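K.L.:
Let me begin by handing over the structure; questions about it come next.
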Amino acid sequence: MLELSTARSSIVGNDLTVKRALPGKPRRMVGAWCFLDHAGPMDYAPDHGLTVGPHPHIGLQTFTWMIEGEVMHHDSLGNRQMIRPGQVNLMTAGRGISHAEVSPGGESGRIHAAQLWIALPDEERERDPAFQHCPDMPRIAQDGFDITVLVGSAFGQTAAPKVYTPLIGFDLESKAAARTTLALDPSFEHAVMPLEGSAIVGGQEVHDGELLYLGTGRDSIDIKTTAAGRLLLIGGTPFGKDVLLWWNFVGRTQEDMEIATEDWNAGRRFGTVPDTGLEPLKAPPLSGLHLRG
Ligand code: MN
C-alpha cells in the first residue's frame with residue numbers, strides 16, 4: 001500500500017507557519033503517532049521565531065526533533081531546557097502538564113524542526129507527567145545516508161526516548177544522490193515525509209509537504225534521493241482505536257476535553273510554567289469542539 005497525502009499549512013504560536021501532516025486526510029495516525037508538524041527550514045527576523053506561551057496537554061507525549069536552530073522549553077515541572085540540533089525533547093503529558101516553547105529572544109535565527117505527538121494508550125493516559133531531554137541520538141552511516149534513530153531500536157541500538165507503545169522513528173539525510181534499503185518491522189505501519197527536497201520511496205516520488213503512508217507488512221523499504229535531501233520515517237504498531245484530538249488535548253471522549261478545558265481555564269491540574277513572561281494561551285470555545293475520530 002502506498003497512500004500519498006498533502007500536509008496543510010497551519011500557524012503555531014504567534015506567527016510560525018508549519019506544514020501539518022498528521023492528523024490528515026485520509027491518514028489520521030501512524031501507530032501511536034497522531035500529530036506531525038514540520039517547521040522550516042527557514043530564517044526568521046528578530047522576535048519572529050517560535051513563541052508559544054504556556055499551554056496544557058493531556059493524554060500524549062510531545063516529541064520534538066531539532067534539526068537547525070534552538071528552542072527553549074519551560075514546563076510546569078520546573079524544567080528549563082534548550083533543545084539544540086541533533087537532540088530530542090520528549091514531554092509526557094499523562095494526566096496533565098503545561099509548557100511553553102520559545103526561540104532565543106530578540107535575535108534573528110533559523111529554525112528547522114519536527115514536532116510530533118504520540119497518543120498514550122488507555123493504561124498510561126493518567127500517568128504522572130514527565131520530561132526527558134535526549135542530547136545524544138544513535139547515528140549510523142549507510143549507503144550515503146546519515147541515519148539518526150529518533151525512537152525505538154534499529155542497527156543494534158536503542159534510542160533514549162521512553163515511549164509506551166512500540167514505535168520507530170528515523171531521520172535520513174543524504175548530502176547527494178543516494179539509495180538504500182531500510183529494514184522495517186512488518187507488524188508496524190509506517191509513513192515517510194521529506195523534510196528537505198524529495199525522495200523516491202517504494203518506487204513512489206514524494207515531495208516536501210507530502211506524507212507517504214506505507215501501510216503494514218513491509219520488512220524493508222527502498223529509499224532513493226536524486227540530490228541532497230532529508231526524510232523523516234515514522235512507524236509503530238497500529239494503535240487499534242481512534243483517539244480524539246482537540247486543541248492541545250488527546251482523549252477519548254468529548255467529556256475528556258470539556259473537563260480538561262474547564263480545569264485549564266480555572267487554573268487547576270496543569271500547574272504553572274515559571275519565568276517565561278508570556279501570557280498563558282486561552283482554550284478556544286468548547287462550542288468549536290466537534291467529535292472526530
Ligand atoms: Mn505544546
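Letters for chains follow the order of the C-alpha cells (A, B, ...), residue numbers begin at 1 for each chain, and ligand numbers begin at 1 in the order shown.
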Apply DSSP to the backbone of this structure and, from region 55-276 of chain A, keep only the residues in strand (DSSP E); write these as a ChimeraX atom specification.

P.N.:
/A:55-57,60-68,71-75,80-83,88-92,97-102,109-119,130-134,139-142,145-151,153-154,157-158,167-174,178-183,189-196,198-201,204-207,210-215,220-225,229-236,244-246,249-251

K.L.:
For the selection just defined, write its residues with C-alpha atoms to a file, as a short mmCIF file (atom, residue, chain, number, x, y, z; two decimals), in the first residue's frame.

P.N.:
data_model
loop_
_atom_site.label_atom_id
_atom_site.label_comp_id
_atom_site.auth_asym_id
_atom_site.auth_seq_id
_atom_site.Cartn_x
_atom_site.Cartn_y
_atom_site.Cartn_z
CA HIS A 55 -0.49 25.85 27.34
CA PRO A 56 -1.69 22.48 28.64
CA HIS A 57 -1.56 18.93 27.28
CA LEU A 60 0.01 12.40 24.81
CA GLN A 61 3.76 12.79 24.57
CA THR A 62 5.19 15.73 22.62
CA PHE A 63 8.26 14.67 20.64
CA THR A 64 10.44 17.48 19.32
CA TRP A 65 13.24 16.74 16.81
CA MET A 66 15.53 19.72 16.31
CA ILE A 67 17.43 19.89 13.03
CA GLU A 68 18.54 23.54 12.92
CA VAL A 71 14.23 26.46 21.19
CA MET A 72 13.86 26.81 24.96
CA HIS A 73 11.39 24.50 26.68
CA HIS A 74 9.83 25.56 30.01
CA ASP A 75 7.34 23.34 31.83
CA ARG A 80 14.01 24.63 31.58
CA GLN A 81 15.87 23.05 28.72
CA MET A 82 17.31 24.40 25.48
CA ILE A 83 16.99 21.92 22.64
CA VAL A 88 15.09 15.28 21.03
CA ASN A 89 12.84 16.63 23.77
CA LEU A 90 10.12 14.24 24.91
CA MET A 91 7.43 15.56 27.22
CA THR A 92 4.92 13.12 28.66
CA ILE A 97 1.24 19.24 32.19
CA SER A 98 1.76 22.72 30.81
CA HIS A 99 4.71 24.14 28.92
CA ALA A 100 5.99 26.99 26.79
CA GLU A 101 8.35 26.90 23.80
CA VAL A 102 10.33 29.96 22.83
CA GLY A 109 17.72 32.97 13.73
CA ARG A 110 16.99 29.83 11.85
CA ILE A 111 14.61 27.01 12.65
CA HIS A 112 14.12 23.55 11.26
CA ALA A 113 12.26 21.09 13.46
CA ALA A 114 9.56 18.48 13.56
CA GLN A 115 7.14 18.24 16.44
CA LEU A 116 5.09 15.09 16.76
CA TRP A 117 2.57 13.88 19.30
CA ILE A 118 2.38 10.30 20.48
CA ALA A 119 -1.01 9.15 21.81
CA ALA A 130 7.44 13.78 32.88
CA PHE A 131 10.09 15.42 30.73
CA GLN A 132 13.10 13.78 29.07
CA HIS A 133 15.86 15.63 27.22
CA CYS A 134 17.77 13.33 24.85
CA ARG A 139 23.61 7.77 14.32
CA ILE A 140 24.57 5.36 11.57
CA ALA A 141 26.03 5.93 8.08
CA GLN A 142 24.56 3.66 5.41
CA PHE A 145 22.61 8.41 4.21
CA ASP A 146 23.32 9.68 7.70
CA ILE A 147 20.58 7.96 9.68
CA THR A 148 19.54 9.06 13.17
CA VAL A 149 17.41 6.68 15.23
CA LEU A 150 14.90 9.00 16.90
CA VAL A 151 12.91 6.44 18.86
CA SER A 153 15.57 0.15 18.23
CA ALA A 154 17.47 -0.29 14.98
CA GLN A 157 20.98 0.46 19.07
CA THR A 158 18.07 1.81 21.06
CA LEU A 167 7.37 2.87 17.80
CA ILE A 168 10.18 3.64 15.40
CA GLY A 169 11.47 6.92 14.05
CA PHE A 170 14.34 7.70 11.69
CA ASP A 171 15.82 10.88 10.23
CA LEU A 172 17.65 10.11 6.99
CA GLU A 173 19.89 12.78 5.48
CA SER A 174 21.70 12.48 2.16
CA ALA A 178 21.84 8.10 -2.63
CA ARG A 179 19.93 4.85 -2.46
CA THR A 180 19.44 2.45 0.41
CA THR A 181 17.18 -0.27 1.74
CA LEU A 182 15.98 0.17 5.30
CA ALA A 183 14.86 -2.83 7.35
CA GLU A 189 2.62 0.59 9.88
CA HIS A 190 4.98 3.25 8.50
CA ALA A 191 4.97 6.60 6.75
CA VAL A 192 7.62 8.94 5.36
CA MET A 193 7.72 12.71 4.99
CA PRO A 194 10.52 14.59 3.23
CA LEU A 195 11.87 17.36 5.43
CA GLU A 196 14.06 18.77 2.66
CA SER A 198 12.16 14.97 -2.39
CA ALA A 199 12.68 11.21 -2.42
CA ILE A 200 11.52 8.07 -4.14
CA VAL A 201 10.21 5.66 -1.53
CA GLN A 204 6.76 6.46 -5.33
CA GLU A 205 8.03 10.02 -5.66
CA VAL A 206 7.26 12.08 -2.54
CA HIS A 207 7.99 15.77 -2.03
CA GLU A 210 3.67 15.39 1.44
CA LEU A 211 3.21 12.32 3.61
CA LEU A 212 3.50 8.88 2.08
CA TYR A 213 1.80 6.14 4.11
CA LEU A 214 3.33 2.71 3.55
CA GLY A 215 0.85 0.50 5.44
CA SER A 220 12.06 -3.32 4.20
CA ILE A 221 11.66 -0.17 2.13
CA ASP A 222 13.78 1.22 -0.72
CA ILE A 223 14.65 4.89 -0.30
CA LYS A 224 16.29 6.94 -3.03
CA THR A 225 17.25 10.59 -3.36
CA GLY A 229 17.67 15.70 0.95
CA ARG A 230 16.26 14.76 4.31
CA LEU A 231 13.45 12.39 5.16
CA LEU A 232 11.52 11.51 8.32
CA LEU A 233 10.28 7.93 8.65
CA ILE A 234 7.83 7.06 11.43
CA GLY A 235 6.16 3.80 12.32
CA GLY A 236 4.56 1.77 15.04
CA LEU A 244 -9.95 12.40 19.82
CA LEU A 245 -7.73 15.43 19.23
CA TRP A 246 -8.93 18.84 20.29
CA PHE A 249 -5.51 17.52 24.18
CA VAL A 250 -5.66 13.87 23.18
CA GLY A 251 -8.54 11.97 24.75
#

K.L.:
Write out as a short mmCIF file (atom, residue, chain, number, x, y, z; two decimals) with N, CA and C atoms, in the first residue's frame each polymer residue whose atoms come within 12 Å of region 259-269 of chain A, counting only C-alpha atoms; drop sequence neighbours fewer than 4 positions from it.

P.N.:
data_model
loop_
_atom_site.label_atom_id
_atom_site.label_comp_id
_atom_site.auth_asym_id
_atom_site.auth_seq_id
_atom_site.Cartn_x
_atom_site.Cartn_y
_atom_site.Cartn_z
N PRO A 54 2.54 29.56 27.68
CA PRO A 54 2.12 28.39 28.45
C PRO A 54 0.77 27.84 27.98
N HIS A 55 0.74 26.54 27.78
CA HIS A 55 -0.49 25.85 27.34
C HIS A 55 -0.44 24.42 27.86
N PRO A 56 -1.61 23.81 28.02
CA PRO A 56 -1.69 22.48 28.64
C PRO A 56 -1.71 21.35 27.61
N HIS A 57 -1.37 20.16 28.08
CA HIS A 57 -1.56 18.93 27.28
C HIS A 57 -2.07 17.82 28.19
N ILE A 58 -2.85 16.91 27.60
CA ILE A 58 -3.20 15.65 28.28
C ILE A 58 -3.11 14.50 27.27
N GLY A 59 -2.85 13.31 27.80
CA GLY A 59 -3.04 12.08 27.03
C GLY A 59 -2.04 11.80 25.95
N SER A 76 5.76 22.98 33.60
CA SER A 76 5.19 23.13 34.94
C SER A 76 5.82 22.21 35.95
N ALA A 93 2.71 14.10 28.82
CA ALA A 93 1.67 14.87 29.50
C ALA A 93 0.96 14.03 30.55
N GLY A 94 0.69 12.75 30.23
CA GLY A 94 -0.11 11.95 31.16
C GLY A 94 -1.39 12.68 31.48
N ARG A 95 -1.72 12.78 32.79
CA ARG A 95 -3.00 13.41 33.17
C ARG A 95 -2.97 14.93 33.06
N GLY A 96 -1.76 15.52 32.91
CA GLY A 96 -1.75 16.96 32.72
C GLY A 96 -0.42 17.61 32.98
N ILE A 97 0.01 18.45 32.06
CA ILE A 97 1.24 19.24 32.19
C ILE A 97 1.01 20.51 31.40
N SER A 98 1.77 21.56 31.69
CA SER A 98 1.76 22.72 30.81
C SER A 98 3.19 23.11 30.49
N GLU A 126 -3.31 8.33 32.32
CA GLU A 126 -3.40 9.08 33.58
C GLU A 126 -2.08 9.08 34.34
N ASP A 128 1.80 10.01 35.63
CA ASP A 128 2.40 11.27 36.04
C ASP A 128 3.06 11.95 34.83
N PRO A 129 2.99 13.26 34.77
CA PRO A 129 3.72 13.96 33.71
C PRO A 129 5.24 13.83 33.91
N TRP A 246 -8.31 17.51 20.26
CA TRP A 246 -8.93 18.84 20.29
C TRP A 246 -7.97 19.78 20.98
N TRP A 247 -7.66 20.90 20.32
CA TRP A 247 -6.69 21.88 20.80
C TRP A 247 -5.40 21.15 21.16
N ASN A 248 -4.98 21.18 22.43
CA ASN A 248 -3.71 20.52 22.79
C ASN A 248 -3.94 19.22 23.55
N PHE A 249 -5.14 18.69 23.40
CA PHE A 249 -5.51 17.52 24.18
C PHE A 249 -5.72 16.30 23.28
N VAL A 250 -5.31 15.15 23.80
CA VAL A 250 -5.66 13.87 23.18
C VAL A 250 -6.47 13.09 24.20
N GLY A 251 -7.66 12.69 23.83
CA GLY A 251 -8.54 11.97 24.75
C GLY A 251 -9.38 10.96 24.00
N THR A 253 -13.11 11.01 24.72
CA THR A 253 -14.50 11.46 24.69
C THR A 253 -14.56 12.99 24.74
N GLN A 254 -15.70 13.51 24.35
CA GLN A 254 -15.92 14.95 24.44
C GLN A 254 -15.81 15.41 25.89
N GLU A 255 -16.25 14.55 26.81
CA GLU A 255 -16.17 14.91 28.23
C GLU A 255 -14.71 15.10 28.68
N VAL A 273 3.77 27.48 34.54
CA VAL A 273 5.08 27.50 33.89
C VAL A 273 5.79 28.76 34.35
N PRO A 280 -0.42 32.94 29.41
CA PRO A 280 -0.92 31.60 29.08
C PRO A 280 -1.92 31.67 27.91
N LEU A 281 -1.90 30.65 27.06
CA LEU A 281 -2.85 30.60 25.94
C LEU A 281 -4.23 30.29 26.48
N LYS A 282 -5.24 30.82 25.79
CA LYS A 282 -6.63 30.55 26.16
C LYS A 282 -7.16 29.40 25.32
N ALA A 283 -7.89 28.52 25.96
CA ALA A 283 -8.54 27.44 25.20
C ALA A 283 -9.60 28.05 24.29
N PRO A 284 -9.72 27.54 23.06
CA PRO A 284 -10.81 28.03 22.21
C PRO A 284 -12.15 27.60 22.80
N PRO A 285 -13.25 28.26 22.39
CA PRO A 285 -14.55 27.92 22.97
C PRO A 285 -14.91 26.46 22.68
N LEU A 286 -15.47 25.84 23.71
CA LEU A 286 -15.86 24.42 23.56
C LEU A 286 -16.95 24.23 22.52
N SER A 287 -17.63 25.31 22.16
CA SER A 287 -18.65 25.18 21.11
C SER A 287 -18.01 24.77 19.80
N LEU A 289 -15.94 22.43 19.55
CA LEU A 289 -15.50 21.06 19.70
C LEU A 289 -16.41 20.12 18.90
#

K.L.:
Looking at only C-alpha atoms, which of A:Glu123, A:Glu258, A:Asp185, A:Asp208 is the one that sits closest to Gly152 (chain A)?

P.N.:
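Going through A:Glu123, A:Glu258, A:Asp185, A:Asp208 one by one, the smallest distance to Gly152 (chain A) is for A:Asp185.
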
K.L.:
As a list in words, please: the residues near Thr17 (chain A) (cut-off 12 Å, only C-alpha atoms, same-chain neighbours under 2 positions excluded).

P.N.:
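Counting only the stated atoms, we get Arg8, Ser9, Ser10, Ile11, Val12, Gly13, Asn14, Asp15, Lys19, Arg20, Asp37, His38, Ala39, Gly40, Pro41, Met42, Asp43, Tyr44, His48, Gly49, Leu50, Thr51, Ile111, His112 and Ala113 of chain A.
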
K.L.:
If you count only C-alpha atoms, which residues fall within 8 Å of Arg27 (chain A), apart from same-chain ones fewer than 4 positions away, as JSON, numbers by chain?

P.N.:
{"A": [5, 22, 23, 213]}

K.L.:
Between CA of Val163 (chain A) and CA of Cys34 (chain A), what is the distance in Å, rounded to a tenth?

P.N.:
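Going from CA of Val163 (chain A) over to CA of Cys34 (chain A) covers 13.7 Å.
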
K.L.:
Restricting the calculation to only C-alpha atoms, which member of A:Ala45, A:Ala21, A:Met137, A:Leu77 is positioned closest to Gly105 (chain A)?

P.N.:
A:Ala45

K.L.:
Write out as a count of residues only all residues of region 33-254 of chain A that backbone DSSP assigns to helix (DSSP H, G or I).

P.N.:
4
